[in-house]
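Q: Contents of data05.pdb (PDB, C-alpha atoms, pLDDT in the B column) are below:
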ATOM      1  CA  MET A   1     163.311 102.830  61.843  1.00 79.00           C
ATOM      2  CA  GLN A   2     163.936 102.408  65.573  1.00 93.00           C
ATOM      3  CA  THR A   3     167.627 103.270  65.784  1.00 96.00           C
ATOM      4  CA  GLN A   4     169.977 105.019  63.382  1.00 96.00           C
ATOM      5  CA  VAL A   5     173.715 105.169  64.118  1.00 98.00           C
ATOM      6  CA  ASN A   6     176.162 107.301  62.135  1.00 98.00           C
ATOM      7  CA  TYR A   7     179.953 106.987  62.451  1.00 98.00           C
ATOM      8  CA  ALA A   8     182.002 109.945  61.230  1.00 98.00           C
ATOM      9  CA  ASN A   9     185.292 111.812  61.433  1.00 97.00           C
ATOM     10  CA  TYR A  10     187.585 108.775  61.486  1.00 97.00           C
ATOM     11  CA  ARG A  11     190.924 109.551  63.144  1.00 96.00           C
ATOM     12  CA  ASP A  12     194.161 107.672  63.673  1.00 95.00           C
ATOM     13  CA  PHE A  13     194.555 106.610  67.296  1.00 92.00           C
ATOM     14  CA  GLU A  14     197.429 104.518  68.701  1.00 87.00           C
ATOM     15  CA  SER A  15     195.646 101.244  67.981  1.00 82.00           C
ATOM     16  CA  GLY A  16     194.112 102.113  64.611  1.00 91.00           C
ATOM     17  CA  LYS A  17     191.557 104.257  62.865  1.00 95.00           C
ATOM     18  CA  TYR A  18     188.254 104.866  64.704  1.00 95.00           C
ATOM     19  CA  PRO A  19     185.312 107.258  64.350  1.00 97.00           C
ATOM     20  CA  SER A  20     185.680 110.292  66.596  1.00 97.00           C
ATOM     21  CA  THR A  21     181.977 111.186  66.290  1.00 98.00           C
ATOM     22  CA  ILE A  22     179.106 108.723  66.802  1.00 98.00           C
ATOM     23  CA  VAL A  23     175.493 109.906  66.521  1.00 98.00           C
ATOM     24  CA  ILE A  24     172.720 107.611  67.803  1.00 98.00           C
ATOM     25  CA  LYS A  25     169.197 108.646  66.795  1.00 97.00           C
ATOM     26  CA  ARG A  26     165.970 107.155  68.212  1.00 95.00           C
ATOM     27  CA  PRO A  27     163.204 108.760  66.109  1.00 93.00           C
ATOM     28  CA  LEU A  28     160.324 106.981  67.872  1.00 92.00           C
ATOM     29  CA  GLU A  29     161.436 108.322  71.276  1.00 91.00           C
ATOM     30  CA  GLU A  30     162.411 111.673  69.705  1.00 91.00           C
ATOM     31  CA  TYR A  31     165.936 111.893  71.041  1.00 93.00           C
ATOM     32  CA  GLN A  32     169.524 111.531  69.927  1.00 96.00           C
ATOM     33  CA  VAL A  33     172.894 111.069  71.610  1.00 97.00           C
ATOM     34  CA  VAL A  34     176.156 112.439  70.199  1.00 98.00           C
ATOM     35  CA  LEU A  35     179.383 110.797  71.367  1.00 97.00           C
ATOM     36  CA  ASN A  36     182.714 112.528  70.772  1.00 98.00           C
ATOM     37  CA  VAL A  37     185.674 110.145  71.106  1.00 96.00           C
ATOM     38  CA  GLU A  38     188.831 111.772  72.446  1.00 95.00           C
ATOM     39  CA  ASP A  39     191.013 108.706  73.043  1.00 94.00           C
ATOM     40  CA  VAL A  40     190.949 104.962  72.332  1.00 92.00           C
ATOM     41  CA  LYS A  41     192.582 102.351  74.562  1.00 89.00           C
ATOM     42  CA  GLU A  42     192.131  98.678  73.730  1.00 88.00           C
ATOM     43  CA  ASN A  43     191.956  95.622  75.989  1.00 90.00           C
ATOM     44  CA  GLN A  44     192.085  97.391  79.347  1.00 90.00           C
ATOM     45  CA  THR A  45     190.907  95.632  82.498  1.00 95.00           C
ATOM     46  CA  LEU A  46     187.501  96.952  83.586  1.00 93.00           C
ATOM     47  CA  THR A  47     185.863  96.593  86.999  1.00 96.00           C
ATOM     48  CA  ASP A  48     182.136  96.069  87.641  1.00 96.00           C
ATOM     49  CA  ASP A  49     181.750  99.502  89.257  1.00 94.00           C
ATOM     50  CA  GLN A  50     182.723 101.158  85.966  1.00 94.00           C
ATOM     51  CA  PHE A  51     179.385  99.975  84.545  1.00 94.00           C
ATOM     52  CA  VAL A  52     177.207 101.528  87.265  1.00 94.00           C
ATOM     53  CA  VAL A  53     175.458 104.719  86.195  1.00 89.00           C
ATOM     54  CA  LYS A  54     175.496 107.237  89.034  1.00 90.00           C
ATOM     55  CA  VAL A  55     172.499 109.529  88.580  1.00 91.00           C
ATOM     56  CA  PRO A  56     172.982 112.850  90.403  1.00 94.00           C
ATOM     57  CA  GLU A  57     170.496 113.541  93.189  1.00 93.00           C
ATOM     58  CA  GLY A  58     167.498 115.560  92.021  1.00 94.00           C
ATOM     59  CA  THR A  59     167.824 114.415  88.404  1.00 95.00           C
ATOM     60  CA  GLU A  60     164.518 113.604  86.727  1.00 91.00           C
ATOM     61  CA  THR A  61     164.559 110.251  84.930  1.00 89.00           C
ATOM     62  CA  GLN A  62     162.104 108.565  82.585  1.00 87.00           C
ATOM     63  CA  GLN A  63     161.738 104.834  81.893  1.00 84.00           C
ATOM     64  CA  LEU A  64     161.454 104.169  78.144  1.00 82.00           C
ATOM     65  CA  GLU A  65     159.596 101.083  76.980  1.00 77.00           C
TER      66      GLU A  65
END
Re-express the file's structure as structure tokens.

A:
Amino acid sequence: MQTQVNYANYRDFESGKYPSTIVIKRPLEEYQVVLNVEDVKENQTLTDDQFVVKVPEGTETQQLE
């Protein structure tokens, strides 16, 4: 299995019921990411700069293949 995603702790937000915890596991790369959702807003206008990841200076990064 390359990716496993678990959705848990569904909560009522203004626009409906959504998971407040999302766990993404990548067993082959030996890491996981846990997302905790605090608020949900639907259909907002997004700008291109909101999709740019700003890596802090001095941070070590690794390219995964």

Q: Which residues come within 12 Å of Gly16 of chain A, counting only C-alpha atoms, excluding same-chain residues fewer than 2 positions away, as JSON, numbers by chain?

A: {"A": [10, 11, 12, 13, 14, 18, 19, 20, 39, 40, 41, 42]}

Q: List the residues selected by the PyMOL selection byres ((chain A and resi 65) around 12) in the file shown, writing them as a list of chain:residue names.

A: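 So the PyMOL selection byres ((chain A and resi 65) around 12), applied here, picks out A:Leu28, A:Glu29, A:Gln62, A:Gln63, A:Leu64.
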
Q: What separation in Å, quoted to one decimal, exists between atom CA of Gly58 of chain A and atom CA of Leu46 of chain A?

A: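 Atom CA of Leu46 of chain A lies 28.6 Å from atom CA of Gly58 of chain A.
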
Q: Using the chain letters and residue numbers of this document, give as an mmCIF file with C-alpha atoms, in the frame of the given file the residues selected by the PyMOL selection byres ((chain A and resi 30) around 12).

A:
data_model
loop_
_atom_site.group_PDB
_atom_site.id
_atom_site.type_symbol
_atom_site.label_atom_id
_atom_site.label_comp_id
_atom_site.auth_asym_id
_atom_site.auth_seq_id
_atom_site.Cartn_x
_atom_site.Cartn_y
_atom_site.Cartn_z
ATOM 1 C CA MET A 1 163.311 102.830 61.843
ATOM 2 C CA GLN A 2 163.936 102.408 65.573
ATOM 3 C CA THR A 3 167.627 103.270 65.784
ATOM 4 C CA GLN A 4 169.977 105.019 63.382
ATOM 5 C CA ILE A 24 172.720 107.611 67.803
ATOM 6 C CA LYS A 25 169.197 108.646 66.795
ATOM 7 C CA ARG A 26 165.970 107.155 68.212
ATOM 8 C CA PRO A 27 163.204 108.760 66.109
ATOM 9 C CA LEU A 28 160.324 106.981 67.872
ATOM 10 C CA GLU A 29 161.436 108.322 71.276
ATOM 11 C CA TYR A 31 165.936 111.893 71.041
ATOM 12 C CA GLN A 32 169.524 111.531 69.927
ATOM 13 C CA VAL A 33 172.894 111.069 71.610
ATOM 14 C CA LEU A 64 161.454 104.169 78.144
#

Q: I'd like the neighbourhood of Tyr7 of chain A as a PyMOL selection string, where a residue qualifies if any of its atoms comes within 7 Å (using all atoms listed in the file), though same-chain residues fewer than 2 positions away should be ignored.

A: chain A and resi 5+19+21-23

Q: Would you work out the distance separating atom CA of Leu35 of chain A from atom CA of Thr47 of chain A, expressed in Å to one decimal?

A: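 Computing the Euclidean distance for atom CA of Leu35 of chain A and atom CA of Thr47 of chain A yields 22.1 Å.
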
Q: Any idea what the distance is between atom CA of Asn36 of chain A and atom CA of Gln50 of chain A?

A: 19.0 Å

Q: Take segment 22-37 of chain A from the preceding structure and save all heavy atoms as a PDB file, in the first residue's frame.

A:
ATOM      1  N   ILE A  22      -7.574  14.141  10.005  1.00  0.00           N
ATOM      2  CA  ILE A  22      -7.227  13.391   8.790  1.00  0.00           C
ATOM      3  C   ILE A  22      -5.788  12.917   8.959  1.00  0.00           C
ATOM      4  O   ILE A  22      -4.896  13.720   9.214  1.00  0.00           O
ATOM      5  CB  ILE A  22      -7.357  14.261   7.534  1.00  0.00           C
ATOM      6  CG1 ILE A  22      -8.783  14.821   7.427  1.00  0.00           C
ATOM      7  CG2 ILE A  22      -6.974  13.464   6.286  1.00  0.00           C
ATOM      8  CD1 ILE A  22      -8.929  15.929   6.408  1.00  0.00           C
ATOM      9  N   VAL A  23      -5.581  11.607   8.844  1.00  0.00           N
ATOM     10  CA  VAL A  23      -4.240  11.029   8.984  1.00  0.00           C
ATOM     11  C   VAL A  23      -3.847  10.420   7.634  1.00  0.00           C
ATOM     12  O   VAL A  23      -4.547   9.552   7.116  1.00  0.00           O
ATOM     13  CB  VAL A  23      -4.190   9.943  10.081  1.00  0.00           C
ATOM     14  CG1 VAL A  23      -2.785   9.355  10.190  1.00  0.00           C
ATOM     15  CG2 VAL A  23      -4.636  10.516  11.419  1.00  0.00           C
ATOM     16  N   ILE A  24      -2.723  10.904   7.086  1.00  0.00           N
ATOM     17  CA  ILE A  24      -2.202  10.404   5.814  1.00  0.00           C
ATOM     18  C   ILE A  24      -0.923   9.644   6.114  1.00  0.00           C
ATOM     19  O   ILE A  24       0.023  10.218   6.655  1.00  0.00           O
ATOM     20  CB  ILE A  24      -1.912  11.556   4.837  1.00  0.00           C
ATOM     21  CG1 ILE A  24      -3.181  12.389   4.617  1.00  0.00           C
ATOM     22  CG2 ILE A  24      -1.355  11.010   3.514  1.00  0.00           C
ATOM     23  CD1 ILE A  24      -2.941  13.692   3.895  1.00  0.00           C
ATOM     24  N   LYS A  25      -0.918   8.355   5.789  1.00  0.00           N
ATOM     25  CA  LYS A  25       0.262   7.510   6.044  1.00  0.00           C
ATOM     26  C   LYS A  25       0.882   7.087   4.716  1.00  0.00           C
ATOM     27  O   LYS A  25       0.173   6.684   3.796  1.00  0.00           O
ATOM     28  CB  LYS A  25      -0.118   6.265   6.844  1.00  0.00           C
ATOM     29  CG  LYS A  25      -0.603   6.566   8.237  1.00  0.00           C
ATOM     30  CD  LYS A  25      -0.942   5.296   8.989  1.00  0.00           C
ATOM     31  CE  LYS A  25      -1.451   5.628  10.377  1.00  0.00           C
ATOM     32  NZ  LYS A  25      -1.777   4.419  11.133  1.00  0.00           N
ATOM     33  N   ARG A  26       2.220   7.174   4.636  1.00  0.00           N
ATOM     34  CA  ARG A  26       2.993   6.729   3.479  1.00  0.00           C
ATOM     35  C   ARG A  26       4.000   5.702   3.972  1.00  0.00           C
ATOM     36  O   ARG A  26       5.143   6.031   4.288  1.00  0.00           O
ATOM     37  CB  ARG A  26       3.703   7.909   2.815  1.00  0.00           C
ATOM     38  CG  ARG A  26       2.793   8.995   2.275  1.00  0.00           C
ATOM     39  CD  ARG A  26       2.194   8.638   0.969  1.00  0.00           C
ATOM     40  NE  ARG A  26       3.278   8.443   0.009  1.00  0.00           N
ATOM     41  CZ  ARG A  26       3.117   8.258  -1.269  1.00  0.00           C
ATOM     42  NH1 ARG A  26       1.912   8.234  -1.766  1.00  0.00           N
ATOM     43  NH2 ARG A  26       4.137   8.075  -2.069  1.00  0.00           N
ATOM     44  N   PRO A  27       3.596   4.430   4.090  1.00  0.00           N
ATOM     45  CA  PRO A  27       4.465   3.404   4.674  1.00  0.00           C
ATOM     46  C   PRO A  27       5.788   3.222   3.931  1.00  0.00           C
ATOM     47  O   PRO A  27       6.816   3.000   4.557  1.00  0.00           O
ATOM     48  CB  PRO A  27       3.633   2.129   4.606  1.00  0.00           C
ATOM     49  CG  PRO A  27       2.245   2.544   4.337  1.00  0.00           C
ATOM     50  CD  PRO A  27       2.292   3.899   3.723  1.00  0.00           C
ATOM     51  N   LEU A  28       5.793   3.325   2.615  1.00  0.00           N
ATOM     52  CA  LEU A  28       7.027   3.107   1.862  1.00  0.00           C
ATOM     53  C   LEU A  28       8.070   4.185   2.154  1.00  0.00           C
ATOM     54  O   LEU A  28       9.262   3.923   2.172  1.00  0.00           O
ATOM     55  CB  LEU A  28       6.748   3.045   0.358  1.00  0.00           C
ATOM     56  CG  LEU A  28       5.857   1.887  -0.092  1.00  0.00           C
ATOM     57  CD1 LEU A  28       5.572   1.955  -1.583  1.00  0.00           C
ATOM     58  CD2 LEU A  28       6.479   0.547   0.276  1.00  0.00           C
ATOM     59  N   GLU A  29       7.611   5.423   2.384  1.00  0.00           N
ATOM     60  CA  GLU A  29       8.533   6.514   2.724  1.00  0.00           C
ATOM     61  C   GLU A  29       8.716   6.655   4.239  1.00  0.00           C
ATOM     62  O   GLU A  29       9.465   7.502   4.697  1.00  0.00           O
ATOM     63  CB  GLU A  29       8.029   7.842   2.145  1.00  0.00           C
ATOM     64  CG  GLU A  29       8.223   7.976   0.663  1.00  0.00           C
ATOM     65  CD  GLU A  29       7.002   7.491  -0.127  1.00  0.00           C
ATOM     66  OE1 GLU A  29       5.967   7.172   0.488  1.00  0.00           O
ATOM     67  OE2 GLU A  29       7.094   7.434  -1.370  1.00  0.00           O
ATOM     68  N   GLU A  30       7.975   5.873   5.003  1.00  0.00           N
ATOM     69  CA  GLU A  30       8.054   5.846   6.463  1.00  0.00           C
ATOM     70  C   GLU A  30       7.743   7.200   7.102  1.00  0.00           C
ATOM     71  O   GLU A  30       8.472   7.704   7.947  1.00  0.00           O
ATOM     72  CB  GLU A  30       9.432   5.348   6.918  1.00  0.00           C
ATOM     73  CG  GLU A  30       9.721   3.926   6.471  1.00  0.00           C
ATOM     74  CD  GLU A  30      11.077   3.425   6.923  1.00  0.00           C
ATOM     75  OE1 GLU A  30      11.890   4.218   7.430  1.00  0.00           O
ATOM     76  OE2 GLU A  30      11.319   2.216   6.756  1.00  0.00           O
ATOM     77  N   TYR A  31       6.633   7.795   6.678  1.00  0.00           N
ATOM     78  CA  TYR A  31       6.198   9.013   7.346  1.00  0.00           C
ATOM     79  C   TYR A  31       4.676   9.099   7.326  1.00  0.00           C
ATOM     80  O   TYR A  31       4.003   8.406   6.572  1.00  0.00           O
ATOM     81  CB  TYR A  31       6.833  10.268   6.736  1.00  0.00           C
ATOM     82  CG  TYR A  31       6.235  10.743   5.439  1.00  0.00           C
ATOM     83  CD1 TYR A  31       5.177  11.646   5.435  1.00  0.00           C
ATOM     84  CD2 TYR A  31       6.729  10.316   4.219  1.00  0.00           C
ATOM     85  CE1 TYR A  31       4.624  12.092   4.247  1.00  0.00           C
ATOM     86  CE2 TYR A  31       6.189  10.759   3.026  1.00  0.00           C
ATOM     87  CZ  TYR A  31       5.131  11.651   3.049  1.00  0.00           C
ATOM     88  OH  TYR A  31       4.594  12.089   1.873  1.00  0.00           O
ATOM     89  N   GLN A  32       4.158   9.965   8.179  1.00  0.00           N
ATOM     90  CA  GLN A  32       2.733  10.241   8.203  1.00  0.00           C
ATOM     91  C   GLN A  32       2.506  11.706   8.527  1.00  0.00           C
ATOM     92  O   GLN A  32       3.354  12.355   9.137  1.00  0.00           O
ATOM     93  CB  GLN A  32       1.987   9.351   9.188  1.00  0.00           C
ATOM     94  CG  GLN A  32       2.138   9.718  10.641  1.00  0.00           C
ATOM     95  CD  GLN A  32       1.267   8.842  11.542  1.00  0.00           C
ATOM     96  OE1 GLN A  32       0.792   7.789  11.151  1.00  0.00           O
ATOM     97  NE2 GLN A  32       1.055   9.278  12.758  1.00  0.00           N
ATOM     98  N   VAL A  33       1.355  12.211   8.086  1.00  0.00           N
ATOM     99  CA  VAL A  33       0.957  13.593   8.333  1.00  0.00           C
ATOM    100  C   VAL A  33      -0.405  13.545   9.019  1.00  0.00           C
ATOM    101  O   VAL A  33      -1.300  12.824   8.572  1.00  0.00           O
ATOM    102  CB  VAL A  33       0.855  14.392   7.013  1.00  0.00           C
ATOM    103  CG1 VAL A  33       0.325  15.792   7.268  1.00  0.00           C
ATOM    104  CG2 VAL A  33       2.189  14.429   6.308  1.00  0.00           C
ATOM    105  N   VAL A  34      -0.557  14.309  10.089  1.00  0.00           N
ATOM    106  CA  VAL A  34      -1.839  14.398  10.791  1.00  0.00           C
ATOM    107  C   VAL A  34      -2.362  15.818  10.626  1.00  0.00           C
ATOM    108  O   VAL A  34      -1.679  16.782  10.975  1.00  0.00           O
ATOM    109  CB  VAL A  34      -1.692  14.058  12.286  1.00  0.00           C
ATOM    110  CG1 VAL A  34      -3.037  14.193  12.991  1.00  0.00           C
ATOM    111  CG2 VAL A  34      -1.120  12.660  12.469  1.00  0.00           C
ATOM    112  N   LEU A  35      -3.556  15.941  10.058  1.00  0.00           N
ATOM    113  CA  LEU A  35      -4.194  17.242   9.878  1.00  0.00           C
ATOM    114  C   LEU A  35      -5.341  17.365  10.867  1.00  0.00           C
ATOM    115  O   LEU A  35      -6.196  16.477  10.954  1.00  0.00           O
ATOM    116  CB  LEU A  35      -4.739  17.373   8.451  1.00  0.00           C
ATOM    117  CG  LEU A  35      -3.739  17.163   7.325  1.00  0.00           C
ATOM    118  CD1 LEU A  35      -4.460  17.083   5.993  1.00  0.00           C
ATOM    119  CD2 LEU A  35      -2.716  18.266   7.319  1.00  0.00           C
ATOM    120  N   ASN A  36      -5.369  18.467  11.607  1.00  0.00           N
ATOM    121  CA  ASN A  36      -6.465  18.749  12.528  1.00  0.00           C
ATOM    122  C   ASN A  36      -7.240  19.945  11.980  1.00  0.00           C
ATOM    123  O   ASN A  36      -6.692  21.042  11.879  1.00  0.00           O
ATOM    124  CB  ASN A  36      -5.938  19.052  13.929  1.00  0.00           C
ATOM    125  CG  ASN A  36      -5.323  17.831  14.556  1.00  0.00           C
ATOM    126  OD1 ASN A  36      -5.961  16.785  14.638  1.00  0.00           O
ATOM    127  ND2 ASN A  36      -4.088  17.927  14.971  1.00  0.00           N
ATOM    128  N   VAL A  37      -8.495  19.726  11.620  1.00  0.00           N
ATOM    129  CA  VAL A  37      -9.333  20.759  11.016  1.00  0.00           C
ATOM    130  C   VAL A  37     -10.023  21.544  12.128  1.00  0.00           C
ATOM    131  O   VAL A  37     -10.724  20.976  12.963  1.00  0.00           O
ATOM    132  CB  VAL A  37     -10.371  20.126  10.069  1.00  0.00           C
ATOM    133  CG1 VAL A  37     -11.272  21.191   9.464  1.00  0.00           C
ATOM    134  CG2 VAL A  37      -9.668  19.311   8.990  1.00  0.00           C
TER     135      VAL A  37
END
